[in-house]
>>> print(open('structure.pdb').read())   # PDB, C-alpha atoms
ATOM      1  CA  MET A 183       0.000   0.000   0.000
ATOM      2  CA  LYS A 184       1.381   3.333  -1.042
ATOM      3  CA  ILE A 185       0.603   5.064   2.222
ATOM      4  CA  PHE A 186       2.928   2.734   4.123
ATOM      5  CA  LYS A 187       5.710   2.946   1.574
ATOM      6  CA  TYR A 188       6.045   6.657   1.431
ATOM      7  CA  ILE A 189       4.783   8.302   4.640
ATOM      8  CA  LEU A 190       7.022   8.273   7.692
ATOM      9  CA  ALA A 191       5.542  10.737  10.160
ATOM     10  CA  VAL A 192       3.490  13.878  10.097
ATOM     11  CA  ALA A 193       6.295  16.399  10.457
ATOM     12  CA  VAL A 194       7.764  19.376   8.684
ATOM     13  CA  MET A 195      10.792  17.297   7.775
ATOM     14  CA  ALA A 196      10.701  13.521   7.915
ATOM     15  CA  THR A 197      14.119  12.335   9.082
ATOM     16  CA  ILE A 198      15.041   8.961  10.494
ATOM     17  CA  THR A 199      17.990   8.793  12.839
ATOM     18  CA  VAL A 200      19.694   5.851  14.423
ATOM     19  CA  SER A 201      22.245   5.638  17.188
ATOM     20  CA  CYS A 202      25.864   5.070  16.293
ATOM     21  CA  ASP A 203      26.545   2.879  19.300
ATOM     22  CA  ASN A 204      25.236  -0.640  19.836
ATOM     23  CA  ASP A 205      22.676   0.136  22.533
ATOM     24  CA  ASP A 206      19.802  -1.064  20.351
ATOM     25  CA  ASP A 207      18.907  -4.211  22.296
ATOM     26  CA  MET A 208      15.305  -4.543  23.354
ATOM     27  CA  PRO A 209      14.833  -3.299  26.945
ATOM     28  CA  THR A 210      14.085  -5.956  29.517
ATOM     29  CA  ASP A 211      12.040  -3.646  31.752
ATOM     30  CA  GLY A 212       9.096  -3.159  29.421
ATOM     31  CA  GLY A 213      10.650  -0.080  27.846
ATOM     32  CA  ALA A 214      10.379   2.134  30.917
ATOM     33  CA  THR A 215      14.039   3.177  30.708
ATOM     34  CA  THR A 216      14.778   3.241  27.001
ATOM     35  CA  ASP A 217      18.257   4.683  26.486
ATOM     36  CA  PHE A 218      18.563   7.498  23.961
ATOM     37  CA  SER A 219      22.111   8.444  24.892
ATOM     38  CA  GLY A 220      24.930   8.319  22.391
ATOM     39  CA  THR A 221      25.692  10.007  19.108
ATOM     40  CA  PHE A 222      23.016  10.019  16.422
ATOM     41  CA  THR A 223      23.476  10.383  12.688
ATOM     42  CA  THR A 224      21.018  10.726   9.841
ATOM     43  CA  GLN A 225      20.475   7.508   7.898
ATOM     44  CA  ASP A 226      17.500   8.385   5.716
ATOM     45  CA  GLN A 227      15.249  11.306   4.885
ATOM     46  CA  MET A 228      12.087  11.409   2.874
ATOM     47  CA  GLY A 229      10.482  14.821   2.837
ATOM     48  CA  ARG A 230       9.802  14.229  -0.856
ATOM     49  CA  PRO A 231       9.524  10.472  -1.343
ATOM     50  CA  GLY A 232      10.750   8.910  -4.558
ATOM     51  CA  ILE A 233      12.800  11.847  -5.852
ATOM     52  CA  ASN A 234      16.122  10.429  -4.677
ATOM     53  CA  THR A 235      15.074   6.973  -5.892
ATOM     54  CA  VAL A 236      14.294   8.211  -9.396
ATOM     55  CA  LEU A 237      17.023  10.794  -9.933
ATOM     56  CA  SER A 238      20.144   9.572  -8.111
ATOM     57  CA  GLY A 239      22.460   7.903 -10.543
ATOM     58  CA  SER A 240      23.620   4.984  -8.380
ATOM     59  CA  ASP A 241      22.934   3.166  -5.130
ATOM     60  CA  ALA A 242      25.957   4.848  -3.585
ATOM     61  CA  ASN A 243      24.621   8.278  -4.540
ATOM     62  CA  LYS A 244      21.205   7.399  -3.121
ATOM     63  CA  ASP A 245      22.822   6.550   0.194
ATOM     64  CA  ASN A 246      24.926   9.694   0.079
ATOM     65  CA  PHE A 247      21.880  11.865  -0.589
ATOM     66  CA  ASN A 248      20.124  10.384   2.438
ATOM     67  CA  ILE A 249      22.879  11.457   4.794
ATOM     68  CA  THR A 250      23.519  14.886   3.245
ATOM     69  CA  THR A 251      22.160  17.856   5.149
ATOM     70  CA  PRO A 252      19.499  19.763   3.184
ATOM     71  CA  ALA A 253      21.623  22.925   3.240
ATOM     72  CA  THR A 254      24.108  21.296   0.848
ATOM     73  CA  GLN A 255      21.814  19.037  -1.198
ATOM     74  CA  PHE A 256      21.246  21.549  -3.997
ATOM     75  CA  ALA A 257      24.931  22.192  -4.585
ATOM     76  CA  THR A 258      25.793  18.509  -4.349
ATOM     77  CA  PHE A 259      22.965  16.818  -6.262
ATOM     78  CA  SER A 260      21.034  19.182  -8.536
ATOM     79  CA  GLY A 261      23.487  18.643 -11.402
ATOM     80  CA  GLU A 262      23.303  14.865 -11.114
ATOM     81  CA  PHE A 263      19.517  14.943 -10.845
ATOM     82  CA  ASN A 264      19.359  17.106 -13.962
ATOM     83  CA  ASN A 265      21.601  14.723 -15.918
ATOM     84  CA  THR A 266      19.597  11.679 -14.848
ATOM     85  CA  LEU A 267      16.293  13.267 -15.834
ATOM     86  CA  GLY A 268      17.771  14.208 -19.190
ATOM     87  CA  ALA A 269      18.908  10.601 -19.696
ATOM     88  CA  TYR A 270      15.361   9.338 -19.085
ATOM     89  CA  TYR A 271      14.044  11.620 -21.797
ATOM     90  CA  ASN A 272      16.853  10.670 -24.160
ATOM     91  CA  ALA A 273      15.928   6.996 -23.717
ATOM     92  CA  TYR A 274      12.487   7.818 -25.118
ATOM     93  CA  GLY A 275      13.849  10.015 -27.893
ATOM     94  CA  ALA A 276      12.323  13.075 -26.267
ATOM     95  CA  SER A 277      13.377  16.195 -24.426
ATOM     96  CA  PHE A 278      11.971  17.891 -21.359
ATOM     97  CA  GLU A 279       9.318  20.522 -21.898
ATOM     98  CA  THR A 280       8.181  23.112 -19.378
ATOM     99  CA  ASN A 281       6.100  21.330 -16.743
ATOM    100  CA  ILE A 282       2.789  22.182 -15.105
ATOM    101  CA  LEU A 283       4.558  24.537 -12.713
ATOM    102  CA  GLY A 284       6.153  26.490 -15.543
ATOM    103  CA  LEU A 285       9.621  25.165 -14.670
ATOM    104  CA  ASP A 286      12.209  24.014 -17.171
ATOM    105  CA  GLN A 287      14.342  20.916 -16.603
ATOM    106  CA  ALA A 288      17.138  22.614 -14.657
ATOM    107  CA  LEU A 289      14.747  24.470 -12.343
ATOM    108  CA  THR A 290      12.654  21.340 -11.787
ATOM    109  CA  THR A 291      15.616  19.269 -10.650
ATOM    110  CA  ALA A 292      16.965  22.193  -8.620
ATOM    111  CA  VAL A 293      13.684  22.477  -6.701
ATOM    112  CA  LEU A 294      13.420  18.732  -6.152
ATOM    113  CA  SER A 295      17.044  18.302  -5.061
ATOM    114  CA  LEU A 296      16.198  19.920  -1.726
ATOM    115  CA  ASP A 297      14.545  17.176   0.339
ATOM    116  CA  VAL A 298      12.522  19.282   2.744
ATOM    117  CA  LEU A 299       8.882  20.226   3.122
ATOM    118  CA  GLN A 300       8.110  23.899   2.999
ATOM    119  CA  VAL A 301       5.434  25.367   5.224
ATOM    120  CA  SER A 302       3.108  28.026   3.864
ATOM    121  CA  PRO A 303       1.051  29.801   6.533
ATOM    122  CA  ASN A 304      -1.273  31.261   3.895
ATOM    123  CA  ALA A 305      -1.954  28.126   1.877
ATOM    124  CA  PRO A 306      -3.447  24.708   2.647
ATOM    125  CA  THR A 307      -1.072  21.981   3.785
ATOM    126  CA  SER A 308      -0.744  19.853   0.694
ATOM    127  CA  TYR A 309       1.837  18.202  -1.516
ATOM    128  CA  PHE A 310      -0.310  19.294  -4.444
ATOM    129  CA  THR A 311      -3.736  20.922  -4.505
ATOM    130  CA  PRO A 312      -5.119  21.111  -8.057
ATOM    131  CA  GLY A 313      -6.932  24.177  -9.262
ATOM    132  CA  THR A 314     -10.401  24.072 -10.735
ATOM    133  CA  GLY A 315     -11.871  23.388 -14.146
ATOM    134  CA  ALA A 316      -9.770  22.994 -17.263
ATOM    135  CA  THR A 317      -6.663  24.350 -15.544
ATOM    136  CA  ALA A 318      -6.828  22.017 -12.534
ATOM    137  CA  LEU A 319      -3.316  20.662 -13.140
ATOM    138  CA  THR A 320      -1.629  23.589 -14.804
ATOM    139  CA  ALA A 321      -2.780  26.180 -12.265
ATOM    140  CA  PRO A 322      -2.558  24.394  -8.918
ATOM    141  CA  ALA A 323      -3.987  26.083  -5.844
ATOM    142  CA  SER A 324      -0.873  25.087  -3.908
ATOM    143  CA  PHE A 325       2.245  22.997  -4.410
ATOM    144  CA  LEU A 326       4.789  21.621  -1.931
ATOM    145  CA  THR A 327       3.263  23.334   1.095
ATOM    146  CA  GLY A 328       3.531  20.210   3.253
ATOM    147  CA  ARG A 329       1.966  16.749   3.071
ATOM    148  CA  ASN A 330      -1.285  15.133   4.121
ATOM    149  CA  LEU A 331      -1.601  11.399   4.717
ATOM    150  CA  GLU A 332      -3.837  11.127   1.666
ATOM    151  CA  ASP A 333      -1.530  13.006  -0.699
ATOM    152  CA  ASP A 334      -0.405  10.867  -3.637
ATOM    153  CA  VAL A 335       3.153  12.139  -3.519
ATOM    154  CA  ILE A 336       4.525   9.675  -6.063
ATOM    155  CA  ASP A 337       1.993  10.536  -8.775
ATOM    156  CA  VAL A 338       2.493  14.254  -8.140
ATOM    157  CA  SER A 339       6.251  13.888  -8.509
ATOM    158  CA  LEU A 340       5.888  11.840 -11.694
ATOM    159  CA  ILE A 341       3.526  14.420 -13.201
ATOM    160  CA  VAL A 342       6.012  17.191 -12.440
ATOM    161  CA  LEU A 343       8.864  15.176 -13.976
ATOM    162  CA  PHE A 344       7.129  13.605 -16.989
ATOM    163  CA  GLY A 345       3.763  15.314 -17.452
ATOM    164  CA  GLY A 346       4.945  18.223 -19.537
ATOM    165  CA  THR A 347       2.975  21.446 -19.788
ATOM    166  CA  SER A 348      -0.400  19.703 -19.566
ATOM    167  CA  GLY A 349       0.527  17.186 -16.884
ATOM    168  CA  GLN A 350      -0.426  14.393 -19.286
ATOM    169  CA  ARG A 351       2.450  14.235 -21.753
ATOM    170  CA  PHE A 352       3.508  10.654 -20.951
ATOM    171  CA  ASP A 353       0.154   9.321 -19.762
ATOM    172  CA  GLY A 354       0.035   6.051 -21.729
ATOM    173  CA  ASN A 355      -2.127   7.484 -24.517
ATOM    174  CA  ASN A 356      -1.225   8.128 -28.155
ATOM    175  CA  GLY A 357       1.583   5.607 -28.052
ATOM    176  CA  THR A 358       3.361   7.107 -25.043
ATOM    177  CA  PRO A 359       4.475   5.116 -21.983
ATOM    178  CA  ASN A 360       2.633   5.832 -18.753
ATOM    179  CA  LEU A 361       5.189   7.710 -16.708
ATOM    180  CA  VAL A 362       2.852  10.033 -14.789
ATOM    181  CA  SER A 363       1.385   7.493 -12.358
ATOM    182  CA  ASP A 364       2.435   4.394 -10.481
ATOM    183  CA  ASN A 365      -1.201   3.215 -10.772
ATOM    184  CA  VAL A 366      -1.462   2.510  -7.060
ATOM    185  CA  GLY A 367      -4.590   4.084  -5.633
ATOM    186  CA  LEU A 368      -5.284   5.174  -2.082
ATOM    187  CA  GLU A 369      -7.350   2.766  -0.023
ATOM    188  CA  SER A 370     -10.386   4.306   1.590
ATOM    189  CA  GLY A 371     -10.597   4.642   5.359
ATOM    190  CA  VAL A 372      -6.867   4.644   6.034
ATOM    191  CA  SER A 373      -6.654   7.867   8.010
ATOM    192  CA  SER A 374      -8.466   9.878  10.635
ATOM    193  CA  ALA A 375      -8.295  13.427  11.944
ATOM    194  CA  SER A 376      -7.080  12.377  15.395
ATOM    195  CA  PHE A 377      -3.944  10.637  16.681
ATOM    196  CA  PRO A 378      -2.592   8.155  15.657
ATOM    197  CA  TYR A 379      -4.035   9.346  12.303
ATOM    198  CA  LEU A 380      -3.935   5.903  10.683
ATOM    199  CA  THR A 381      -6.881   3.657  11.429
ATOM    200  CA  ALA A 382      -6.222   0.631  13.625
ATOM    201  CA  ALA A 383      -6.569  -1.820  10.733
ATOM    202  CA  ARG A 384      -3.572  -0.209   8.994
ATOM    203  CA  PHE A 385      -0.990  -0.814  11.734
TER     204      PHE A 385
END
>>> encode(input="structure.pdb", output="structure tokens")
Amino acid sequence: MKIFKYILAVAVMATITVSCDNDDDMPTDGGATTDFSGTFTTQDQMGRPGINTVLSGSDANKDNFNITTPATQFATFSGEFNNTLGAYYNAYGASFETNILGLDQALTTAVLSLDVLQVSPNAPTSYFTPGTGATALTAPASFLTGRNLEDDVIDVSLIVLFGGTSGQRFDGNNGTPNLVSDNVGLESGVSSASFPYLTAARF
């Protein structure tokens, strides 16, 4: 289920840390005195799930991206991300066209190379909120202003990367491959408005 693959925690920045020492044995006292001492380092981060997976050029680079602080991700990875995206298009004999956000290839990969979630106090919290009518995709009400549990972050990312100006460039029609969706839908009844936010059947 997509919601388990790509959502870590409801937070401004989803970062997993693990202790560097070996004090990870299960406590024998029922967990009453869990030890959080020691030095911690970042092992993974997923503010924008799937971007690193799709655009890093190798497994080593994927691992390196996960431990790189966001402040240096743009300088370190935007060039590689741009080259990888260009290679995908070259494989299909195509070139990138301005996407639904009005961004060219270099700006798209620059924006996505920073693995953080922005917060917009004057917009709804959403990975992507479409507009209305015929311009629902091309004039979104909000974009990258956080994430809700129900947000289909993978499809949104694929549309931004491969949807072109209309959001439907590589949609599986007219002889094109379907690159704008992973075709995994959201199950109904998976979330609630109160903690722990996922329904009991989903744990």
>>> closest_residue(input="structure.pdb", among="A:Leu331, A:Leu343, A:Ala316, A:Leu326", to="Phe263 of chain A", atoms="only C-alpha atoms")
A:Leu343
>>> resolve_selection(input="structure.pdb", expression="the PyMOL selection byres ((chain A and resi 321) around 12)", output="ChimeraX atom specification")
/A:281-284,310-320,322-325,347-349
>>> write_last_selection(input="structure.pdb", atoms="C-alpha atoms", output="mmCIF file, keeping the file's coordinate frame")
data_model
loop_
_atom_site.group_PDB
_atom_site.id
_atom_site.type_symbol
_atom_site.label_atom_id
_atom_site.label_comp_id
_atom_site.auth_asym_id
_atom_site.auth_seq_id
_atom_site.Cartn_x
_atom_site.Cartn_y
_atom_site.Cartn_z
ATOM 1 C CA ASN A 281 6.100 21.330 -16.743
ATOM 2 C CA ILE A 282 2.789 22.182 -15.105
ATOM 3 C CA LEU A 283 4.558 24.537 -12.713
ATOM 4 C CA GLY A 284 6.153 26.490 -15.543
ATOM 5 C CA PHE A 310 -0.310 19.294 -4.444
ATOM 6 C CA THR A 311 -3.736 20.922 -4.505
ATOM 7 C CA PRO A 312 -5.119 21.111 -8.057
ATOM 8 C CA GLY A 313 -6.932 24.177 -9.262
ATOM 9 C CA THR A 314 -10.401 24.072 -10.735
ATOM 10 C CA GLY A 315 -11.871 23.388 -14.146
ATOM 11 C CA ALA A 316 -9.770 22.994 -17.263
ATOM 12 C CA THR A 317 -6.663 24.350 -15.544
ATOM 13 C CA ALA A 318 -6.828 22.017 -12.534
ATOM 14 C CA LEU A 319 -3.316 20.662 -13.140
ATOM 15 C CA THR A 320 -1.629 23.589 -14.804
ATOM 16 C CA PRO A 322 -2.558 24.394 -8.918
ATOM 17 C CA ALA A 323 -3.987 26.083 -5.844
ATOM 18 C CA SER A 324 -0.873 25.087 -3.908
ATOM 19 C CA PHE A 325 2.245 22.997 -4.410
ATOM 20 C CA THR A 347 2.975 21.446 -19.788
ATOM 21 C CA SER A 348 -0.400 19.703 -19.566
ATOM 22 C CA GLY A 349 0.527 17.186 -16.884
#
>>> closest_residue(input="structure.pdb", among="A:Thr235, A:Gly229, A:Ser240, A:Ser260", to="Asn330 of chain A", atoms="all atoms listed in the file")
A:Gly229
>>> atom_distance(input="structure.pdb", atom1="atom CA of Asp226 of chain A", atom2="atom CA of Ile249 of chain A")
6.3 Å
>>> resolve_selection(input="structure.pdb", expression="the PyMOL selection byres ((chain A and resi 333-337) around 10)", output="number ranges by chain")
A: 184-185, 188-189, 230-233, 308-311, 326, 328-332, 338-343, 361-368
